[in-house]
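Structure file run.cif; described as mmCIF, C-alpha atoms (C1' of nucleotides).
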```
data_query
loop_
_atom_site.label_atom_id
_atom_site.label_comp_id
_atom_site.auth_asym_id
_atom_site.auth_seq_id
_atom_site.Cartn_x
_atom_site.Cartn_y
_atom_site.Cartn_z
CA MET X 16 49.14 -30.04 -37.39
CA ILE X 17 49.75 -33.61 -36.35
CA LEU X 18 49.68 -36.65 -38.59
CA ASP X 19 49.11 -40.19 -37.48
CA SER X 20 50.82 -43.33 -38.76
CA GLU X 21 48.67 -43.38 -41.88
CA THR X 22 49.37 -39.69 -42.58
CA LYS X 23 45.89 -38.53 -41.73
CA ALA X 24 45.17 -35.30 -39.87
CA VAL X 25 44.43 -35.94 -36.21
CA GLU X 26 42.88 -33.74 -33.55
CA LEU X 27 45.02 -33.96 -30.48
CA PRO X 28 43.11 -33.07 -27.36
CA GLU X 29 44.72 -29.86 -26.22
CA ASP X 30 45.34 -29.10 -22.60
CA HIS X 31 43.21 -26.26 -21.30
CA GLY X 32 44.20 -26.66 -17.69
CA ASN X 33 45.35 -23.08 -17.36
CA GLU X 34 42.06 -21.70 -18.59
CA ILE X 35 40.13 -23.95 -16.21
CA ARG X 36 42.30 -22.88 -13.31
CA LEU X 37 41.85 -19.26 -14.30
CA TRP X 38 38.08 -19.68 -14.37
CA LEU X 39 38.06 -21.36 -10.98
CA ARG X 40 40.17 -18.63 -9.49
CA LEU X 41 37.94 -15.95 -10.96
CA LEU X 42 34.94 -17.71 -9.52
CA THR X 43 36.57 -18.11 -6.12
CA CYS X 44 37.45 -14.43 -5.92
CA THR X 45 33.95 -13.34 -6.83
CA THR X 46 32.27 -15.82 -4.48
CA LEU X 47 34.54 -14.74 -1.66
CA ILE X 48 33.94 -11.03 -2.11
CA GLU X 49 30.24 -11.46 -2.81
CA GLY X 50 29.81 -13.49 0.37
CA GLU X 51 31.66 -10.88 2.35
CA VAL X 52 29.54 -8.05 0.99
CA ARG X 53 26.39 -10.09 1.55
CA SER X 54 27.29 -10.70 5.20
CA ARG X 55 28.10 -7.10 5.87
CA LEU X 56 24.92 -5.84 4.23
CA ARG X 57 22.89 -8.22 6.34
CA GLU X 58 24.73 -7.46 9.58
CA ARG X 59 24.88 -3.75 9.14
CA PHE X 60 21.64 -2.92 7.34
CA ASP X 61 19.60 -6.12 7.34
CA VAL X 62 19.30 -5.98 3.58
CA THR X 63 20.02 -8.61 0.94
CA LEU X 64 22.55 -8.20 -1.87
CA PRO X 65 19.98 -8.44 -4.69
CA ARG X 66 17.94 -5.66 -3.11
CA PHE X 67 21.04 -3.51 -2.76
CA ASP X 68 21.99 -4.18 -6.37
CA LEU X 69 18.54 -3.27 -7.61
CA MET X 70 18.56 -0.05 -5.64
CA ALA X 71 22.02 0.73 -7.00
CA GLN X 72 20.69 0.48 -10.54
CA LEU X 73 17.83 2.82 -9.72
CA ASP X 74 19.99 5.33 -7.89
CA LYS X 75 21.73 6.12 -11.17
CA VAL X 76 18.57 7.37 -12.84
CA PRO X 77 16.30 10.05 -11.37
CA ASP X 78 13.23 9.16 -13.41
CA GLY X 79 13.25 5.42 -12.93
CA MET X 80 13.45 2.64 -15.44
CA THR X 81 11.43 -0.31 -16.71
CA LEU X 82 11.57 -3.82 -15.30
CA SER X 83 13.18 -5.05 -18.52
CA ASP X 84 15.94 -2.49 -18.24
CA VAL X 85 16.63 -3.57 -14.70
CA SER X 86 16.65 -7.20 -15.65
CA LYS X 87 19.13 -6.60 -18.48
CA ARG X 88 21.42 -4.48 -16.34
CA MET X 89 21.39 -6.91 -13.45
CA MET X 90 21.74 -9.85 -15.81
CA VAL X 91 18.93 -11.78 -14.16
CA SER X 92 15.64 -13.12 -15.47
CA ASN X 93 12.48 -11.07 -15.79
CA GLY X 94 10.56 -13.20 -13.35
CA ASN X 95 13.24 -12.65 -10.79
CA VAL X 96 12.91 -8.89 -10.99
CA THR X 97 9.13 -9.08 -10.62
CA GLY X 98 9.44 -10.64 -7.18
CA LEU X 99 12.34 -8.48 -6.08
CA VAL X 100 10.49 -5.29 -6.99
CA GLU X 101 7.35 -6.51 -5.31
CA ARG X 102 9.14 -6.87 -1.99
CA LEU X 103 10.88 -3.51 -2.31
CA VAL X 104 7.63 -1.73 -3.12
CA GLU X 105 6.08 -3.48 -0.13
CA SER X 106 8.85 -2.18 2.14
CA GLY X 107 8.46 1.36 0.83
CA HIS X 108 11.82 1.62 -0.95
CA LEU X 109 10.40 1.63 -4.46
CA ASP X 110 7.65 3.36 -6.30
CA ARG X 111 6.00 1.56 -9.19
CA ARG X 112 3.60 2.80 -11.83
CA THR X 113 2.32 1.71 -15.17
CA SER X 114 3.65 3.72 -18.08
CA GLU X 115 1.01 5.89 -19.70
CA SER X 116 2.35 5.54 -23.21
CA ASP X 117 2.60 1.75 -23.07
CA ARG X 118 0.49 -0.03 -20.54
CA ARG X 119 2.60 -3.18 -20.64
CA VAL X 120 5.47 -1.27 -19.11
CA GLN X 121 6.08 -0.81 -15.39
CA MET X 122 8.22 2.17 -14.42
CA ILE X 123 9.97 1.83 -11.08
CA ARG X 124 12.07 4.28 -9.14
CA LEU X 125 13.41 4.85 -5.66
CA THR X 126 11.15 6.61 -3.19
CA LYS X 127 12.67 9.48 -1.27
CA ALA X 128 13.14 7.22 1.74
CA GLY X 129 14.53 4.46 -0.47
CA ARG X 130 17.11 6.78 -1.99
CA ALA X 131 18.21 8.11 1.39
CA GLU X 132 18.52 4.58 2.72
CA PHE X 133 20.51 3.48 -0.30
CA ARG X 134 22.93 6.40 -0.15
CA LYS X 135 23.68 5.56 3.44
CA MET X 136 24.39 1.95 2.58
CA ALA X 137 26.37 2.83 -0.53
CA ALA X 138 28.74 5.04 1.42
CA GLU X 139 29.73 2.19 3.72
CA HIS X 140 29.73 -0.31 0.90
CA GLU X 141 32.35 1.77 -0.87
CA LEU X 142 34.63 1.55 2.16
CA TRP X 143 34.19 -2.23 2.38
CA ILE X 144 35.17 -2.67 -1.24
CA ALA X 145 38.16 -0.39 -0.81
CA ASP X 146 39.24 -2.47 2.17
CA ILE X 147 38.73 -5.76 0.37
CA PHE X 148 40.95 -4.62 -2.51
CA SER X 149 43.39 -2.71 -0.33
CA ASP X 150 46.40 -4.91 -1.05
CA LEU X 151 46.22 -4.04 -4.73
CA GLY X 152 48.16 -1.02 -5.87
CA PRO X 153 46.85 1.45 -8.46
CA LYS X 154 48.87 -0.32 -11.11
CA ASP X 155 47.38 -3.69 -10.18
CA VAL X 156 43.90 -2.21 -10.34
CA ARG X 157 44.50 -0.72 -13.78
CA GLU X 158 45.96 -3.96 -15.09
CA LEU X 159 43.11 -6.03 -13.71
CA MET X 160 40.59 -3.66 -15.25
CA ARG X 161 42.28 -4.07 -18.60
CA LEU X 162 42.47 -7.85 -18.45
CA LEU X 163 38.91 -8.21 -17.22
CA ALA X 164 37.68 -6.00 -20.03
CA LYS X 165 39.42 -8.33 -22.44
CA THR X 166 37.93 -11.34 -20.66
CA LYS X 167 34.46 -9.87 -20.81
CA ALA X 168 34.77 -9.20 -24.52
CA SER X 169 36.03 -12.72 -25.13
CA ALA X 170 33.20 -14.28 -23.14
CA GLN X 171 30.61 -12.14 -24.90
CA LYS X 172 31.97 -13.17 -28.26
CA SER X 173 31.76 -16.82 -27.28
CA ALA X 174 28.21 -16.46 -25.94
CA GLN X 175 27.19 -14.55 -29.05
CA ALA X 176 28.60 -17.24 -31.33
CA ARG X 177 26.65 -19.94 -29.54
CA ALA X 178 23.37 -17.99 -29.51
CA SER X 179 23.37 -17.39 -33.25
CA MET Y 10 47.41 14.35 6.45
CA ILE Y 11 45.04 17.24 6.00
CA LEU Y 12 44.40 20.02 8.47
CA ASP Y 13 41.33 22.17 8.66
CA SER Y 14 41.14 25.89 9.39
CA GLU Y 15 41.64 25.31 13.07
CA THR Y 16 44.61 23.03 12.48
CA LYS Y 17 42.86 19.84 13.48
CA ALA Y 18 43.32 16.54 11.67
CA VAL Y 19 40.48 15.84 9.27
CA GLU Y 20 39.44 12.68 7.48
CA LEU Y 21 38.81 13.51 3.87
CA PRO Y 22 36.51 11.02 2.21
CA GLU Y 23 38.78 9.31 -0.29
CA ASP Y 24 37.58 8.35 -3.71
CA HIS Y 25 37.35 4.61 -4.20
CA GLY Y 26 35.68 4.75 -7.58
CA ASN Y 27 38.33 2.64 -9.23
CA GLU Y 28 37.95 -0.16 -6.71
CA ILE Y 29 34.17 -0.10 -7.09
CA ARG Y 30 34.47 -0.22 -10.85
CA LEU Y 31 36.94 -3.08 -10.58
CA TRP Y 32 34.57 -5.03 -8.35
CA LEU Y 33 31.66 -4.45 -10.71
CA ARG Y 34 33.71 -5.58 -13.67
CA LEU Y 35 34.88 -8.67 -11.84
CA LEU Y 36 31.28 -9.47 -10.95
CA THR Y 37 30.10 -8.89 -14.50
CA CYS Y 38 32.73 -11.22 -15.92
CA THR Y 39 31.89 -13.98 -13.50
CA THR Y 40 28.13 -13.61 -13.92
CA LEU Y 41 28.50 -13.66 -17.69
CA ILE Y 42 30.65 -16.77 -17.77
CA GLU Y 43 28.67 -18.52 -15.07
CA GLY Y 44 25.43 -17.90 -16.95
CA GLU Y 45 26.96 -19.21 -20.14
CA VAL Y 46 28.22 -22.38 -18.47
CA ARG Y 47 24.89 -22.83 -16.74
CA SER Y 48 22.99 -22.59 -20.03
CA ARG Y 49 25.26 -25.01 -21.79
CA LEU Y 50 25.11 -27.56 -18.97
CA ARG Y 51 21.35 -27.41 -19.03
CA GLU Y 52 21.04 -27.56 -22.80
CA ARG Y 53 23.61 -30.24 -23.36
CA PHE Y 54 23.26 -32.43 -20.27
CA ASP Y 55 20.18 -31.21 -18.44
CA VAL Y 56 22.18 -30.71 -15.29
CA THR Y 57 22.47 -27.69 -13.00
CA LEU Y 58 25.72 -25.89 -12.24
CA PRO Y 59 25.67 -26.67 -8.49
CA ARG Y 60 25.32 -30.38 -9.25
CA PHE Y 61 28.17 -30.21 -11.72
CA ASP Y 62 30.32 -28.38 -9.19
CA LEU Y 63 29.59 -30.91 -6.49
CA MET Y 64 30.46 -33.79 -8.78
CA ALA Y 65 33.66 -31.98 -9.77
CA GLN Y 66 34.70 -31.88 -6.12
CA LEU Y 67 34.04 -35.58 -5.72
CA ASP Y 68 35.78 -36.56 -8.94
CA LYS Y 69 39.06 -35.41 -7.43
CA VAL Y 70 38.94 -37.96 -4.62
CA PRO Y 71 38.46 -41.70 -5.14
CA ASP Y 72 37.28 -42.46 -1.63
CA GLY Y 73 34.78 -39.69 -1.18
CA MET Y 74 34.60 -36.91 1.33
CA THR Y 75 32.38 -35.62 4.11
CA LEU Y 76 29.55 -33.15 3.69
CA SER Y 77 31.51 -30.56 5.64
CA ASP Y 78 34.48 -30.89 3.33
CA VAL Y 79 32.24 -30.38 0.34
CA SER Y 80 30.58 -27.38 1.91
CA LYS Y 81 33.95 -25.75 2.69
CA ARG Y 82 35.33 -26.41 -0.78
CA MET Y 83 32.24 -25.16 -2.54
CA MET Y 84 31.95 -22.21 -0.17
CA VAL Y 85 28.27 -22.81 0.45
CA SER Y 86 26.30 -23.53 3.62
CA ASN Y 87 25.94 -26.97 5.17
CA GLY Y 88 22.20 -27.03 4.74
CA ASN Y 89 22.62 -26.34 1.08
CA VAL Y 90 24.86 -29.35 0.61
CA THR Y 91 22.40 -31.60 2.43
CA GLY Y 92 19.72 -30.89 -0.18
CA LEU Y 93 22.05 -31.06 -3.16
CA VAL Y 94 23.43 -34.40 -2.07
CA GLU Y 95 19.97 -35.74 -1.44
CA ARG Y 96 18.93 -35.05 -5.02
CA LEU Y 97 22.13 -36.48 -6.45
CA VAL Y 98 21.79 -39.66 -4.39
CA GLU Y 99 18.19 -39.88 -5.57
CA SER Y 100 19.30 -39.67 -9.21
CA GLY Y 101 21.96 -42.35 -8.70
CA HIS Y 102 25.01 -40.13 -9.18
CA LEU Y 103 26.15 -40.28 -5.58
CA ASP Y 104 26.65 -42.89 -2.95
CA ARG Y 105 26.21 -41.91 0.67
CA ARG Y 106 27.07 -43.79 3.84
CA THR Y 107 27.54 -43.04 7.49
CA SER Y 108 31.14 -43.15 8.62
CA GLU Y 109 31.86 -46.10 10.91
CA SER Y 110 34.38 -44.27 13.03
CA ASP Y 111 32.15 -41.25 13.64
CA ARG Y 112 28.46 -41.68 13.21
CA ARG Y 113 27.84 -37.95 12.82
CA VAL Y 114 29.76 -37.99 9.55
CA GLN Y 115 28.30 -38.77 6.15
CA MET Y 116 30.77 -39.95 3.51
CA ILE Y 117 29.70 -39.31 -0.06
CA ARG Y 118 31.30 -40.32 -3.34
CA LEU Y 119 30.48 -40.66 -7.00
CA THR Y 120 28.89 -43.90 -8.11
CA LYS Y 121 30.42 -45.59 -11.12
CA ALA Y 122 27.65 -44.21 -13.29
CA GLY Y 123 28.00 -40.80 -11.69
CA ARG Y 124 31.70 -40.68 -12.40
CA ALA Y 125 31.27 -41.72 -16.02
CA GLU Y 126 28.57 -39.12 -16.50
CA PHE Y 127 30.73 -36.43 -14.91
CA ARG Y 128 33.80 -37.24 -17.00
CA LYS Y 129 31.73 -36.88 -20.13
CA MET Y 130 30.42 -33.50 -19.04
CA ALA Y 131 33.82 -32.31 -17.83
CA ALA Y 132 35.43 -32.99 -21.18
CA GLU Y 133 32.99 -30.70 -22.95
CA HIS Y 134 33.04 -28.18 -20.15
CA GLU Y 135 36.78 -27.81 -20.64
CA LEU Y 136 36.27 -26.91 -24.27
CA TRP Y 137 33.62 -24.33 -23.40
CA ILE Y 138 35.92 -22.63 -20.94
CA ALA Y 139 38.78 -22.67 -23.44
CA ASP Y 140 36.49 -21.05 -25.97
CA ILE Y 141 35.19 -18.45 -23.54
CA PHE Y 142 38.75 -17.37 -22.71
CA SER Y 143 40.11 -17.83 -26.21
CA ASP Y 144 40.91 -14.15 -26.82
CA LEU Y 145 43.36 -14.16 -23.95
CA GLY Y 146 46.94 -15.06 -24.73
CA PRO Y 147 49.09 -17.20 -22.43
CA LYS Y 148 50.66 -14.06 -21.04
CA ASP Y 149 47.25 -12.56 -20.25
CA VAL Y 150 46.24 -15.77 -18.52
CA ARG Y 151 49.37 -15.82 -16.39
CA GLU Y 152 48.99 -12.18 -15.45
CA LEU Y 153 45.33 -12.60 -14.57
CA MET Y 154 46.14 -15.61 -12.42
CA ARG Y 155 48.73 -13.57 -10.58
CA LEU Y 156 46.48 -10.58 -10.00
CA LEU Y 157 43.53 -12.71 -8.94
CA ALA Y 158 45.72 -14.56 -6.47
CA LYS Y 159 46.65 -11.21 -5.00
CA THR Y 160 42.99 -10.18 -4.97
CA LYS Y 161 41.97 -13.38 -3.23
CA ALA Y 162 44.61 -12.92 -0.56
CA SER Y 163 43.54 -9.32 -0.02
CA ALA Y 164 39.87 -10.27 0.27
CA GLN Y 165 40.65 -13.09 2.68
CA LYS Y 166 42.67 -10.77 4.84
CA SER Y 167 39.81 -8.30 4.95
CA ALA Y 168 37.25 -11.00 5.75
CA GLN Y 169 39.53 -12.41 8.43
CA ALA Y 170 39.98 -9.02 10.03
CA ARG Y 171 36.23 -8.52 10.26
CA ALA Y 172 35.54 -11.99 11.63
CA SER Y 173 37.96 -11.67 14.51
"C1'" DG M 27 -10.03 -2.00 -38.55
"C1'" DC M 28 -8.18 -6.72 -38.05
"C1'" DC M 29 -4.97 -10.24 -37.32
"C1'" DA M 30 -0.34 -12.21 -36.84
"C1'" DG M 31 3.70 -11.47 -34.68
"C1'" DT M 32 6.34 -9.22 -31.15
"C1'" DT M 33 7.31 -7.32 -26.59
"C1'" DA M 34 6.69 -6.59 -21.38
"C1'" DT M 35 5.49 -8.64 -17.53
"C1'" DT M 36 3.61 -12.21 -14.42
"C1'" DT M 37 2.91 -16.81 -12.80
"C1'" DG M 38 4.13 -21.51 -11.38
"C1'" DA M 39 7.12 -25.29 -10.48
"C1'" DA M 40 11.43 -26.64 -9.18
"C1'" DG M 41 15.64 -25.95 -7.35
"C1'" DC M 42 19.33 -23.18 -4.98
"C1'" DC M 43 20.86 -20.61 -0.96
"C1'" DT M 44 21.39 -18.61 3.71
"C1'" DA M 45 20.91 -18.07 8.62
"C1'" DA M 46 19.46 -19.92 12.68
"C1'" DA M 47 17.90 -23.46 15.57
"C1'" DG M 48 17.93 -28.22 16.81
"C1'" DA M 49 19.43 -33.21 17.20
"C1'" DA M 50 22.91 -36.51 17.66
"C1'" DA M 51 27.55 -37.97 18.42
"C1'" DT M 52 32.00 -37.10 20.01
"C1'" DC M 53 35.58 -34.78 22.68
"C1'" DC M 54 37.82 -33.17 26.57
"C1'" DC M 55 38.99 -32.34 30.99
"C1'" DA M 56 38.23 -31.96 35.78
"C1'" DT W 12 33.57 -41.08 34.46
"C1'" DG W 13 30.34 -37.32 34.07
"C1'" DG W 14 28.87 -33.34 31.80
"C1'" DG W 15 29.59 -29.13 29.27
"C1'" DA W 16 31.50 -27.72 24.87
"C1'" DT W 17 32.17 -28.77 20.15
"C1'" DT W 18 31.38 -30.79 15.75
"C1'" DT W 19 28.45 -32.74 12.04
"C1'" DC W 20 24.52 -32.77 9.93
"C1'" DT W 21 19.48 -31.77 9.22
"C1'" DT W 22 15.52 -28.90 9.43
"C1'" DT W 23 12.92 -24.72 8.86
"C1'" DA W 24 11.57 -20.30 7.15
"C1'" DG W 25 12.28 -17.05 3.97
"C1'" DG W 26 14.15 -15.30 0.00
"C1'" DC W 27 16.50 -15.69 -4.63
"C1'" DT W 28 16.78 -17.70 -9.23
"C1'" DT W 29 15.77 -19.99 -13.50
"C1'" DC W 30 12.94 -21.66 -17.22
"C1'" DA W 31 8.81 -22.14 -19.49
"C1'" DA W 32 4.20 -21.07 -20.16
"C1'" DA W 33 0.56 -17.72 -19.84
"C1'" DT W 34 -1.35 -13.05 -20.16
"C1'" DA W 35 -1.81 -8.60 -21.83
"C1'" DA W 36 -0.63 -4.79 -24.78
"C1'" DC W 37 1.42 -2.98 -28.71
"C1'" DT W 38 2.92 -2.88 -33.87
"C1'" DG W 39 2.87 -3.40 -38.75
"C1'" DG W 40 0.92 -4.95 -42.89
"C1'" DC W 41 -3.09 -5.61 -45.37
#
```
Please go through the file and, once you have read it, give me the structure as structure tokens.
Amino acid sequence: MILDSETKAVELPEDHGNEIRLWLRLLTCTTLIEGEVRSRLRERFDVTLPRFDLMAQLDKVPDGMTLSDVSKRMMVSNGNVTGLVERLVESGHLDRRTSESDRRVQMIRLTKAGRAEFRKMAAEHELWIADIFSDLGPKDVRELMRLLAKTKASAQKSAQARAS
Amino acid sequence: MILDSETKAVELPEDHGNEIRLWLRLLTCTTLIEGEVRSRLRERFDVTLPRFDLMAQLDKVPDGMTLSDVSKRMMVSNGNVTGLVERLVESGHLDRRTSESDRRVQMIRLTKAGRAEFRKMAAEHELWIADIFSDLGPKDVRELMRLLAKTKASAQKSAQARAS
DNA sequence: GCCAGTTATTTGAAGCCTAAAGAAATCCCA
DNA sequence: TGGGATTTCTTTAGGCTTCAAATAACTGGC
């Protein structure tokens, strides 16, 4: 607590430079890696990152999921998913059908060809990621996981507080 | 080294699950925070994140910089910057002029109004970031900075190796 | 059964983003 | 000094992304 010349409580502007620098560094790392993955996906498989991400979500579930589920998991808007799915259905990677129990709901899943294609891409993708992080030892990886979990929780708390 | 039944060297597919999980967590953190900052900028100042980022780059230099400099610093394409700048000049935040020594080059800088506007936004932005990271202690912040620096270097090395 | 409220998705407008091709200016070196 | 290579920026086509509004289907209470 700091008091001014008339003995009144004063808010001193604190310095948050370290947090800002941390955020910028986090952003730089992600942008760098994301750009690298994006380039390689395009070069190697002529596919975009959002399409790959969507297929990755669907590969985890055999029976497909709803558009809303996808949109929550990918942390993008509903309208975004609509267009993305449309193009992937068009190209034969996805299968889409209206749920019978609730006709508002669209169930989507990978086609056989889509799944095969994805598995092929995922196998290489895994090697790229391993290479990108190859200077980090197992201990570094563990520690980063821990600190990022803490960061995620902190950010969620902050977002939650604002939303309510 | 692993040998198969005929005593020939064999590449065993290694498991890179931890690296993949680390990358996904890194991406989640960034997406979460970026979305939060984006929402707040829109709500509070009706400005987009790319515009804020561009203005942040220009606030650091009094005499402006070239479009190429901006594009390198922001890690986005040249064409992208052209459009962004156009809109910010239109709205009176930026001043743009052709360099006299090299007529290919466009020098851009914040207008007086643009700088004032940015400073106002930046002050609040700093508080948001501080709040978002508020569960991390100073030690956590230092450790994250260190590990992300290492990550960045590793990713750059990998990208460099591919490019050459 | 009906209506108000909620939920799932789509649409539309605007902006962001990339890659690739093109235009203009400069550089460099033979 | 001429001309090919390079650099800087813009343009184009296509796709991604958001927000907000619209549509359609479901749910719960009466």
Once the PyMOL selection byres ((chain W) within 8 of (chain Y)) is applied to the coordinates I shared, what remains selected? I want it as a ChimeraX atom specification. /W:19-21
Just say which residues the PyMOL selection byres ((chain Y and resi 94) around 12) picks in this file, as a ChimeraX atom specification. /Y:59-64,67,74-77,79-80,87-93,95-106,115-119
Sorted per-residue table, chain X near chain Y, closest atoms and distance, 8 Å, all atoms listed in the file, as JSON lines:
```
{"residue": "X:His31", "atom": "CA", "partner": "Y:Ala139", "partner_atom": "CA", "distance": 6.1}
{"residue": "X:Asn33", "atom": "CA", "partner": "Y:Val150", "partner_atom": "CA", "distance": 7.5}
{"residue": "X:Glu34", "atom": "CA", "partner": "Y:Ala139", "partner_atom": "CA", "distance": 5.9}
{"residue": "X:Ile35", "atom": "CA", "partner": "Y:Ile138", "partner_atom": "CA", "distance": 6.5}
{"residue": "X:Leu37", "atom": "CA", "partner": "Y:Met154", "partner_atom": "CA", "distance": 5.9}
{"residue": "X:Trp38", "atom": "CA", "partner": "Y:Ile138", "partner_atom": "CA", "distance": 7.5}
{"residue": "X:Arg40", "atom": "CA", "partner": "Y:Leu157", "partner_atom": "CA", "distance": 6.8}
{"residue": "X:Leu41", "atom": "CA", "partner": "Y:Leu157", "partner_atom": "CA", "distance": 6.8}
{"residue": "X:Leu42", "atom": "CA", "partner": "Y:Thr39", "partner_atom": "CA", "distance": 6.2}
{"residue": "X:Thr43", "atom": "CA", "partner": "Y:Lys161", "partner_atom": "CA", "distance": 7.7}
{"residue": "X:Cys44", "atom": "CA", "partner": "Y:Lys161", "partner_atom": "CA", "distance": 5.4}
{"residue": "X:Thr45", "atom": "CA", "partner": "Y:Leu36", "partner_atom": "CA", "distance": 6.3}
{"residue": "X:Thr46", "atom": "CA", "partner": "Y:Met84", "partner_atom": "CA", "distance": 7.7}
{"residue": "X:Leu47", "atom": "CA", "partner": "Y:Ala164", "partner_atom": "CA", "distance": 7.2}
{"residue": "X:Ile48", "atom": "CA", "partner": "Y:Ala164", "partner_atom": "CA", "distance": 6.4}
{"residue": "X:Glu51", "atom": "CA", "partner": "Y:Ala168", "partner_atom": "CA", "distance": 6.5}
{"residue": "X:Met90", "atom": "CA", "partner": "Y:Thr40", "partner_atom": "CA", "distance": 7.7}
{"residue": "X:Glu141", "atom": "CA", "partner": "Y:His25", "partner_atom": "CA", "distance": 6.6}
{"residue": "X:Leu142", "atom": "CA", "partner": "Y:His25", "partner_atom": "CA", "distance": 7.6}
{"residue": "X:Ile144", "atom": "CA", "partner": "Y:Ile29", "partner_atom": "CA", "distance": 6.5}
{"residue": "X:Ala145", "atom": "CA", "partner": "Y:Glu28", "partner_atom": "CA", "distance": 5.9}
{"residue": "X:Asp146", "atom": "CA", "partner": "Y:Ser167", "partner_atom": "CA", "distance": 6.5}
{"residue": "X:Ile147", "atom": "CA", "partner": "Y:Ala164", "partner_atom": "CA", "distance": 4.7}
{"residue": "X:Phe148", "atom": "CA", "partner": "Y:Ser163", "partner_atom": "CA", "distance": 5.9}
{"residue": "X:Ser149", "atom": "CA", "partner": "Y:Ser163", "partner_atom": "CA", "distance": 6.6}
{"residue": "X:Asp150", "atom": "CA", "partner": "Y:Ser163", "partner_atom": "CA", "distance": 5.4}
{"residue": "X:Leu151", "atom": "CA", "partner": "Y:Thr160", "partner_atom": "CA", "distance": 6.9}
{"residue": "X:Asp155", "atom": "CA", "partner": "Y:Leu156", "partner_atom": "CA", "distance": 7.0}
{"residue": "X:Val156", "atom": "CA", "partner": "Y:Leu31", "partner_atom": "CA", "distance": 7.0}
{"residue": "X:Leu159", "atom": "CA", "partner": "Y:Leu156", "partner_atom": "CA", "distance": 6.8}
{"residue": "X:Met160", "atom": "CA", "partner": "Y:Leu31", "partner_atom": "CA", "distance": 6.0}
{"residue": "X:Leu162", "atom": "CA", "partner": "Y:Leu153", "partner_atom": "CA", "distance": 6.8}
{"residue": "X:Leu163", "atom": "CA", "partner": "Y:Leu35", "partner_atom": "CA", "distance": 6.7}
{"residue": "X:Ala164", "atom": "CA", "partner": "Y:Arg34", "partner_atom": "CA", "distance": 7.5}
{"residue": "X:Lys165", "atom": "CA", "partner": "Y:Leu145", "partner_atom": "CA", "distance": 7.2}
{"residue": "X:Thr166", "atom": "CA", "partner": "Y:Phe142", "partner_atom": "CA", "distance": 6.4}
{"residue": "X:Lys167", "atom": "CA", "partner": "Y:Cys38", "partner_atom": "CA", "distance": 5.4}
{"residue": "X:Ser169", "atom": "CA", "partner": "Y:Asp144", "partner_atom": "CA", "distance": 5.4}
{"residue": "X:Ala170", "atom": "CA", "partner": "Y:Ile141", "partner_atom": "CA", "distance": 4.6}
{"residue": "X:Gln171", "atom": "CA", "partner": "Y:Leu41", "partner_atom": "CA", "distance": 7.7}
{"residue": "X:Lys172", "atom": "CA", "partner": "Y:Ile141", "partner_atom": "CA", "distance": 7.8}
{"residue": "X:Ser173", "atom": "CA", "partner": "Y:Ile141", "partner_atom": "CA", "distance": 5.3}
{"residue": "X:Ala174", "atom": "CA", "partner": "Y:Glu45", "partner_atom": "CA", "distance": 6.5}
```
Residues of chain M at most 8 Å from chain X: nearest atom pair and distance in Å, all atoms listed in the file, as CSV:
```
residue,atom,partner,partner_atom,distance
M:DA34,C1',X:Arg119,CA,5.4
M:DT35,C1',X:Arg119,CA,6.9
M:DT36,C1',X:Gly94,CA,7.1
```
How would you write, as number ranges by chain, the residues chosen by the PyMOL selection byres ((chain W and resi 29) around 8) on this structure? X: 92; W: 28, 30
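In this structure, atom C1' of DC27 of chain W sits 7.5 Å away from atom C1' of DC43 of chain M.
Proximity of W:DG26, W:DC41, W:DA33, W:DG13 to DA30 of chain M, computed with all atoms listed in the file, is greatest for W:DC41.
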When you draw a straight line from atom CA of Glu133 of chain Y to atom CA of Leu50 of chain Y, how long is it in Å? 9.4 Å
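Of the listed residues (M:DC55, M:DC42, M:DG27, M:DT37), M:DC55 comes nearest to DG15 of chain W; the distances count only C-alpha atoms (C1' of nucleotides).
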Can you measure atom CA of Lys121 of chain Y to atom CA of Phe54 of chain Y for me? One decimal in Å is fine. 17.6 Å
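Using all atoms listed in the file, the shortest contact distance between Gly79 of chain X and any of X:Arg57, X:Ala176, X:Gly152, X:Ser114 is found at X:Ser114.
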